[in-house]
Amino acid sequence: MPELSKNAQLLKFFSQQYGHPGVPRKRLVKLAFMADVLSRQYLGKPISSFVYIKDHFGPNARELPQFTGELATMGLSFECTERDGVRTTIRLQDSGQAIEFGFSRGETEILGYVVKNYLTMDIGEFIDAVVKKTEPFLAATFEGEELPMSMIDGSGREQVGFDLEAILAAEHEAIDGKGSTLAEFSRALRADLTAGRPN
Amino acid sequence: MPYGLILPPDVQTEIREYLASRFSTDEERLEAWQQIEAELFKLQSNPALGSAQWGGPFESRPVFRFSIRVSEVTRHIQVVYKVHRKDALVVISGFAPLSL
């Protein structure tokens, strides 16, 4: 199987998480946008290479259909169109075929956060209270303008003072049982610091 | 149930490097560590002491900030941690000096 682009992986991830009847494209692009916003803030770089523009319904990525097409070609997800009166909804439905995602620990953490908080959030509230309140969206002035995404690179990391990938690596060490209790570490450290002292 | 506090190897290294680089004698390092340990004990006793940053992956990873005073110099430190309620554990996942 040819290698799946990171953009297509991101869309596959969200369609897989959303499940039946498929994630509406309007929400999908906002989920990808929020994942990129958080990744830029806390990891200093985006997960995808989507170019976001200011649109009436929030940020949009015009190249998104190219990557849903990539998923369809590989039989991983497919798009279906629903018509309800004048309203048309394009949904990306997962085929159920599992793939191995190439996301880093930090990216996986951010994707988990986006899913937990925004996957089923009321779409109007998600757009108005979250997506449209992000700095890059607020910084763009006219529809069709590219959002200045790099303005937020590393801002979250700077604010919190810790690197997310390093934090997750330490958490995994603890999960693997490699840590010491405070008392154990203190005993060892005190012994080292007093080793050369006369009694 | 009282909480346990775990320091992963990376964090142990960060603490040792901090003590080695900021203080010139082992006496000062020991004094600094005693104060750091006292603060970590406080956190272990009350894992709600830290504050979380809203709107991102640090929502579930609070940061606890404190100061120590050694040889008449005050220094500020922060640790980030995760609380595992089911296991009654506080895992310190980062330790860093804090510039104010």
# chains A, B, ... in the order shown; residues from 1 in each chain; ligands from 1
$ closest_atom_pairs --of "segment 65-166 of chain A" --to "segment 37-60 of chain B" --cutoff "8 Å" --atoms "only C-alpha atoms" --output "tab-separated table"
residue	atom	partner	partner_atom	distance
A:Glu109	CA	B:Pro57	CA	6.9
A:Ile110	CA	B:Pro57	CA	6.3
A:Tyr113	CA	B:Pro57	CA	6.4
A:Val160	CA	B:Gln53	CA	7.4
$ write_last_selection --atoms "N, CA and C atoms" --output "mmCIF file, in the first residue's frame"
data_model
loop_
_atom_site.group_PDB
_atom_site.id
_atom_site.type_symbol
_atom_site.label_atom_id
_atom_site.label_comp_id
_atom_site.auth_asym_id
_atom_site.auth_seq_id
_atom_site.Cartn_x
_atom_site.Cartn_y
_atom_site.Cartn_z
ATOM 1 N N GLU A 109 -1.474 13.222 21.574
ATOM 2 C CA GLU A 109 -2.076 13.854 22.749
ATOM 3 C C GLU A 109 -3.001 14.997 22.316
ATOM 4 N N ILE A 110 -2.527 15.787 21.374
ATOM 5 C CA ILE A 110 -3.320 16.920 20.886
ATOM 6 C C ILE A 110 -4.577 16.421 20.161
ATOM 7 N N TYR A 113 -7.088 15.444 22.628
ATOM 8 C CA TYR A 113 -7.733 16.617 23.231
ATOM 9 C C TYR A 113 -8.825 17.166 22.313
ATOM 10 N N VAL A 160 3.445 28.003 29.125
ATOM 11 C CA VAL A 160 3.433 26.987 30.180
ATOM 12 C C VAL A 160 4.849 26.685 30.668
#
$ select_by_dssp --residues "segment 79-194 of chain A" --states "alpha helix (DSSP H)" --output "mmCIF file with N, CA and C atoms, in the first residue's frame"
data_model
loop_
_atom_site.group_PDB
_atom_site.id
_atom_site.type_symbol
_atom_site.label_atom_id
_atom_site.label_comp_id
_atom_site.auth_asym_id
_atom_site.auth_seq_id
_atom_site.Cartn_x
_atom_site.Cartn_y
_atom_site.Cartn_z
ATOM 1 N N ARG A 105 4.007 11.280 19.784
ATOM 2 C CA ARG A 105 3.291 11.244 21.066
ATOM 3 C C ARG A 105 2.553 12.556 21.317
ATOM 4 N N GLY A 106 3.239 13.654 21.050
ATOM 5 C CA GLY A 106 2.646 14.978 21.267
ATOM 6 C C GLY A 106 1.454 15.198 20.361
ATOM 7 N N GLU A 107 1.596 14.815 19.094
ATOM 8 C CA GLU A 107 0.491 14.967 18.149
ATOM 9 C C GLU A 107 -0.702 14.113 18.576
ATOM 10 N N THR A 108 -0.424 12.896 19.032
ATOM 11 C CA THR A 108 -1.496 12.002 19.480
ATOM 12 C C THR A 108 -2.228 12.608 20.681
ATOM 13 N N GLU A 109 -1.474 13.222 21.574
ATOM 14 C CA GLU A 109 -2.076 13.854 22.749
ATOM 15 C C GLU A 109 -3.001 14.997 22.316
ATOM 16 N N ILE A 110 -2.527 15.787 21.374
ATOM 17 C CA ILE A 110 -3.320 16.920 20.886
ATOM 18 C C ILE A 110 -4.577 16.421 20.161
ATOM 19 N N LEU A 111 -4.430 15.391 19.361
ATOM 20 C CA LEU A 111 -5.599 14.835 18.657
ATOM 21 C C LEU A 111 -6.622 14.302 19.657
ATOM 22 N N GLY A 112 -6.137 13.687 20.723
ATOM 23 C CA GLY A 112 -7.025 13.189 21.775
ATOM 24 C C GLY A 112 -7.788 14.331 22.421
ATOM 25 N N TYR A 113 -7.088 15.444 22.628
ATOM 26 C CA TYR A 113 -7.733 16.617 23.231
ATOM 27 C C TYR A 113 -8.825 17.166 22.313
ATOM 28 N N VAL A 114 -8.505 17.246 21.016
ATOM 29 C CA VAL A 114 -9.467 17.782 20.037
ATOM 30 C C VAL A 114 -10.706 16.888 19.971
ATOM 31 N N VAL A 115 -10.490 15.588 19.948
ATOM 32 C CA VAL A 115 -11.618 14.643 19.894
ATOM 33 C C VAL A 115 -12.488 14.788 21.146
ATOM 34 N N LYS A 116 -11.836 14.795 22.288
ATOM 35 C CA LYS A 116 -12.569 14.847 23.558
ATOM 36 C C LYS A 116 -13.431 16.120 23.663
ATOM 37 N N ASN A 117 -12.881 17.221 23.186
ATOM 38 C CA ASN A 117 -13.555 18.496 23.397
ATOM 39 C C ASN A 117 -14.419 18.975 22.239
ATOM 40 N N TYR A 118 -14.057 18.621 21.004
ATOM 41 C CA TYR A 118 -14.718 19.254 19.861
ATOM 42 C C TYR A 118 -15.432 18.311 18.898
ATOM 43 N N ILE A 123 -22.017 22.473 16.681
ATOM 44 C CA ILE A 123 -21.188 23.025 15.612
ATOM 45 C C ILE A 123 -21.174 24.566 15.621
ATOM 46 N N GLY A 124 -22.327 25.156 15.911
ATOM 47 C CA GLY A 124 -22.393 26.624 15.948
ATOM 48 C C GLY A 124 -21.503 27.177 17.056
ATOM 49 N N GLU A 125 -21.580 26.525 18.224
ATOM 50 C CA GLU A 125 -20.785 26.943 19.375
ATOM 51 C C GLU A 125 -19.294 26.704 19.100
ATOM 52 N N GLU A 135 -6.345 33.154 17.565
ATOM 53 C CA GLU A 135 -5.583 34.336 17.142
ATOM 54 C C GLU A 135 -5.430 34.442 15.619
ATOM 55 N N PRO A 136 -5.066 33.345 14.920
ATOM 56 C CA PRO A 136 -4.901 33.504 13.471
ATOM 57 C C PRO A 136 -6.190 33.913 12.767
ATOM 58 N N PHE A 137 -7.330 33.391 13.248
ATOM 59 C CA PHE A 137 -8.594 33.753 12.598
ATOM 60 C C PHE A 137 -8.924 35.216 12.867
ATOM 61 N N LEU A 138 -8.685 35.645 14.110
ATOM 62 C CA LEU A 138 -8.984 37.032 14.457
ATOM 63 C C LEU A 138 -8.064 38.003 13.716
ATOM 64 N N ALA A 139 -6.865 37.518 13.393
ATOM 65 C CA ALA A 139 -5.882 38.405 12.737
ATOM 66 C C ALA A 139 -6.195 38.625 11.253
ATOM 67 N N SER A 155 3.685 29.386 21.120
ATOM 68 C CA SER A 155 3.143 30.316 22.128
ATOM 69 C C SER A 155 2.670 29.591 23.393
ATOM 70 N N GLY A 156 2.042 28.427 23.221
ATOM 71 C CA GLY A 156 1.573 27.667 24.383
ATOM 72 C C GLY A 156 2.731 27.124 25.186
ATOM 73 N N ARG A 157 3.746 26.654 24.467
ATOM 74 C CA ARG A 157 4.944 26.100 25.124
ATOM 75 C C ARG A 157 5.633 27.191 25.945
ATOM 76 N N GLU A 158 5.693 28.372 25.369
ATOM 77 C CA GLU A 158 6.338 29.490 26.062
ATOM 78 C C GLU A 158 5.549 29.877 27.308
ATOM 79 N N GLN A 159 4.235 29.880 27.168
ATOM 80 C CA GLN A 159 3.370 30.277 28.281
ATOM 81 C C GLN A 159 3.448 29.274 29.437
ATOM 82 N N VAL A 160 3.445 28.003 29.125
ATOM 83 C CA VAL A 160 3.433 26.987 30.180
ATOM 84 C C VAL A 160 4.849 26.685 30.668
ATOM 85 N N LEU A 164 5.953 19.766 25.493
ATOM 86 C CA LEU A 164 4.960 18.685 25.595
ATOM 87 C C LEU A 164 5.558 17.314 25.303
ATOM 88 N N GLU A 165 6.395 17.208 24.278
ATOM 89 C CA GLU A 165 6.978 15.894 23.942
ATOM 90 C C GLU A 165 7.825 15.375 25.114
ATOM 91 N N ALA A 166 8.593 16.278 25.746
ATOM 92 C CA ALA A 166 9.439 15.867 26.878
ATOM 93 C C ALA A 166 8.593 15.438 28.071
ATOM 94 N N ILE A 167 7.495 16.163 28.297
ATOM 95 C CA ILE A 167 6.578 15.839 29.407
ATOM 96 C C ILE A 167 5.968 14.444 29.190
ATOM 97 N N LEU A 168 5.556 14.191 27.949
ATOM 98 C CA LEU A 168 4.936 12.892 27.645
ATOM 99 C C LEU A 168 5.957 11.761 27.761
ATOM 100 N N ALA A 169 7.200 12.051 27.372
ATOM 101 C CA ALA A 169 8.254 11.031 27.501
ATOM 102 C C ALA A 169 8.450 10.673 28.972
ATOM 103 N N ALA A 170 8.447 11.687 29.837
ATOM 104 C CA ALA A 170 8.612 11.442 31.281
ATOM 105 C C ALA A 170 7.407 10.672 31.829
ATOM 106 N N GLU A 171 6.213 11.029 31.381
ATOM 107 C CA GLU A 171 5.017 10.310 31.842
ATOM 108 C C GLU A 171 5.095 8.828 31.452
ATOM 109 N N HIS A 172 5.594 8.580 30.240
ATOM 110 C CA HIS A 172 5.717 7.189 29.783
ATOM 111 C C HIS A 172 6.767 6.430 30.573
ATOM 112 N N GLU A 173 7.831 7.108 30.977
ATOM 113 C CA GLU A 173 8.830 6.455 31.841
ATOM 114 C C GLU A 173 8.155 5.989 33.131
ATOM 115 N N ALA A 174 7.312 6.873 33.673
ATOM 116 C CA ALA A 174 6.617 6.519 34.928
ATOM 117 C C ALA A 174 5.667 5.349 34.710
ATOM 118 N N ILE A 175 4.938 5.381 33.579
ATOM 119 C CA ILE A 175 3.992 4.282 33.270
ATOM 120 C C ILE A 175 4.757 2.964 33.149
ATOM 121 N N LEU A 182 9.451 9.837 45.801
ATOM 122 C CA LEU A 182 10.145 11.012 46.330
ATOM 123 C C LEU A 182 11.154 10.586 47.398
ATOM 124 N N ALA A 183 10.739 9.676 48.266
ATOM 125 C CA ALA A 183 11.622 9.228 49.355
ATOM 126 C C ALA A 183 12.861 8.517 48.805
ATOM 127 N N GLU A 184 12.667 7.674 47.805
ATOM 128 C CA GLU A 184 13.814 6.949 47.213
ATOM 129 C C GLU A 184 14.799 7.912 46.569
ATOM 130 N N PHE A 185 14.266 8.838 45.793
ATOM 131 C CA PHE A 185 15.143 9.794 45.116
ATOM 132 C C PHE A 185 15.860 10.674 46.134
ATOM 133 N N SER A 186 15.124 11.102 47.150
ATOM 134 C CA SER A 186 15.710 11.978 48.163
ATOM 135 C C SER A 186 16.858 11.278 48.899
ATOM 136 N N ARG A 187 16.654 10.019 49.234
ATOM 137 C CA ARG A 187 17.712 9.250 49.918
ATOM 138 C C ARG A 187 18.972 9.191 49.068
ATOM 139 N N ALA A 188 18.794 8.895 47.770
ATOM 140 C CA ALA A 188 19.947 8.771 46.877
ATOM 141 C C ALA A 188 20.647 10.116 46.704
ATOM 142 N N LEU A 189 19.854 11.173 46.542
ATOM 143 C CA LEU A 189 20.433 12.501 46.321
ATOM 144 C C LEU A 189 21.167 12.987 47.566
ATOM 145 N N ARG A 190 20.547 12.813 48.730
ATOM 146 C CA ARG A 190 21.184 13.228 49.981
ATOM 147 C C ARG A 190 22.484 12.460 50.199
ATOM 148 N N ALA A 191 22.474 11.193 49.870
ATOM 149 C CA ALA A 191 23.688 10.379 50.031
ATOM 150 C C ALA A 191 24.796 10.928 49.134
ATOM 151 N N ASP A 192 24.452 11.290 47.901
ATOM 152 C CA ASP A 192 25.456 11.849 46.978
ATOM 153 C C ASP A 192 25.983 13.186 47.483
ATOM 154 N N LEU A 193 25.080 14.013 48.004
ATOM 155 C CA LEU A 193 25.492 15.363 48.417
ATOM 156 C C LEU A 193 26.286 15.368 49.715
ATOM 157 N N THR A 194 26.144 14.320 50.507
ATOM 158 C CA THR A 194 26.861 14.279 51.790
ATOM 159 C C THR A 194 28.001 13.259 51.759
#
$ closest_residue --among "B:Ala96, B:Val63, B:Leu30, B:Ile6" --to "Tyr81 of chain B" --atoms "only C-alpha atoms"
B:Val63
$ atom_distance --atom1 "atom CA of Asp26 of chain B" --atom2 "atom CA of Gly161 of chain A"
27.5 Å
$ interface_residues --of "chain B" --to "chain A" --cutoff "6 Å" --atoms "only C-alpha atoms" --output "PyMOL selection string"
chain B and resi 5-9+26+93-94
$ residues_around --residues "Ala20 of chain B" --least-positions-apart "3" --cutoff "12 Å" --atoms "only C-alpha atoms" --output "number ranges by chain"
A: 189, 192-193; B: 13-17, 23-30, 32-33
$ residues_around --residues "Ser95 of chain A" --least-positions-apart "3" --cutoff "12 Å" --atoms "only C-alpha atoms" --output "mmCIF file with N, CA and C atoms, in the first residue's frame"
data_model
loop_
_atom_site.group_PDB
_atom_site.id
_atom_site.type_symbol
_atom_site.label_atom_id
_atom_site.label_comp_id
_atom_site.auth_asym_id
_atom_site.auth_seq_id
_atom_site.Cartn_x
_atom_site.Cartn_y
_atom_site.Cartn_z
ATOM 1 N N LYS A 12 -8.490 10.877 8.097
ATOM 2 C CA LYS A 12 -8.880 9.490 8.407
ATOM 3 C C LYS A 12 -9.097 9.341 9.921
ATOM 4 N N PHE A 13 -8.169 9.927 10.693
ATOM 5 C CA PHE A 13 -8.277 9.835 12.151
ATOM 6 C C PHE A 13 -9.618 10.404 12.631
ATOM 7 N N SER A 15 -12.390 10.954 10.871
ATOM 8 C CA SER A 15 -13.571 10.223 10.358
ATOM 9 C C SER A 15 -13.742 8.922 11.139
ATOM 10 N N GLN A 16 -12.631 8.316 11.500
ATOM 11 C CA GLN A 16 -12.653 7.074 12.300
ATOM 12 C C GLN A 16 -13.245 7.340 13.685
ATOM 13 N N GLN A 17 -12.807 8.448 14.304
ATOM 14 C CA GLN A 17 -13.286 8.789 15.638
ATOM 15 C C GLN A 17 -14.770 9.165 15.620
ATOM 16 N N TYR A 18 -15.193 9.823 14.555
ATOM 17 C CA TYR A 18 -16.583 10.301 14.477
ATOM 18 C C TYR A 18 -17.544 9.139 14.270
ATOM 19 N N GLY A 19 -17.124 8.192 13.446
ATOM 20 C CA GLY A 19 -17.976 7.014 13.201
ATOM 21 C C GLY A 19 -19.172 7.333 12.326
ATOM 22 N N HIS A 20 -20.212 6.522 12.454
ATOM 23 C CA HIS A 20 -21.408 6.657 11.635
ATOM 24 C C HIS A 20 -22.176 7.920 12.004
ATOM 25 N N PRO A 21 -22.763 8.684 11.099
ATOM 26 C CA PRO A 21 -22.851 8.477 9.643
ATOM 27 C C PRO A 21 -21.747 9.189 8.858
ATOM 28 N N GLY A 22 -20.653 9.506 9.516
ATOM 29 C CA GLY A 22 -19.575 10.201 8.823
ATOM 30 C C GLY A 22 -19.478 11.648 9.274
ATOM 31 N N LEU A 71 -7.860 9.312 0.337
ATOM 32 C CA LEU A 71 -8.412 8.261 1.219
ATOM 33 C C LEU A 71 -9.357 7.335 0.454
ATOM 34 N N ALA A 72 -10.170 7.949 -0.424
ATOM 35 C CA ALA A 72 -11.130 7.156 -1.213
ATOM 36 C C ALA A 72 -10.388 6.216 -2.160
ATOM 37 N N THR A 73 -9.323 6.726 -2.778
ATOM 38 C CA THR A 73 -8.536 5.916 -3.712
ATOM 39 C C THR A 73 -7.979 4.677 -3.021
ATOM 40 N N MET A 74 -7.612 4.868 -1.743
ATOM 41 C CA MET A 74 -7.021 3.743 -1.007
ATOM 42 C C MET A 74 -8.074 2.929 -0.256
ATOM 43 N N GLY A 75 -9.323 3.291 -0.410
ATOM 44 C CA GLY A 75 -10.407 2.534 0.218
ATOM 45 C C GLY A 75 -10.473 2.699 1.733
ATOM 46 N N LEU A 76 -9.954 3.837 2.234
ATOM 47 C CA LEU A 76 -9.908 4.027 3.689
ATOM 48 C C LEU A 76 -11.101 4.825 4.214
ATOM 49 N N SER A 77 -11.581 5.757 3.439
ATOM 50 C CA SER A 77 -12.764 6.547 3.797
ATOM 51 C C SER A 77 -13.421 6.973 2.488
ATOM 52 N N PHE A 78 -14.673 7.300 2.566
ATOM 53 C CA PHE A 78 -15.324 7.782 1.350
ATOM 54 C C PHE A 78 -16.316 8.876 1.715
ATOM 55 N N GLU A 79 -16.534 9.760 0.727
ATOM 56 C CA GLU A 79 -17.440 10.881 0.962
ATOM 57 C C GLU A 79 -18.833 10.554 0.449
ATOM 58 N N LEU A 92 -17.577 12.615 5.510
ATOM 59 C CA LEU A 92 -16.480 11.674 5.266
ATOM 60 C C LEU A 92 -16.700 10.480 6.193
ATOM 61 N N ALA A 98 -8.296 -0.452 9.361
ATOM 62 C CA ALA A 98 -7.334 0.128 10.296
ATOM 63 C C ALA A 98 -6.019 0.442 9.577
ATOM 64 N N ILE A 99 -5.383 1.523 10.005
ATOM 65 C CA ILE A 99 -4.047 1.843 9.489
ATOM 66 C C ILE A 99 -3.145 2.194 10.673
#
$ atom_distance --atom1 "atom CA of His76 of chain B" --atom2 "atom CA of Tyr3 of chain B"
24.6 Å
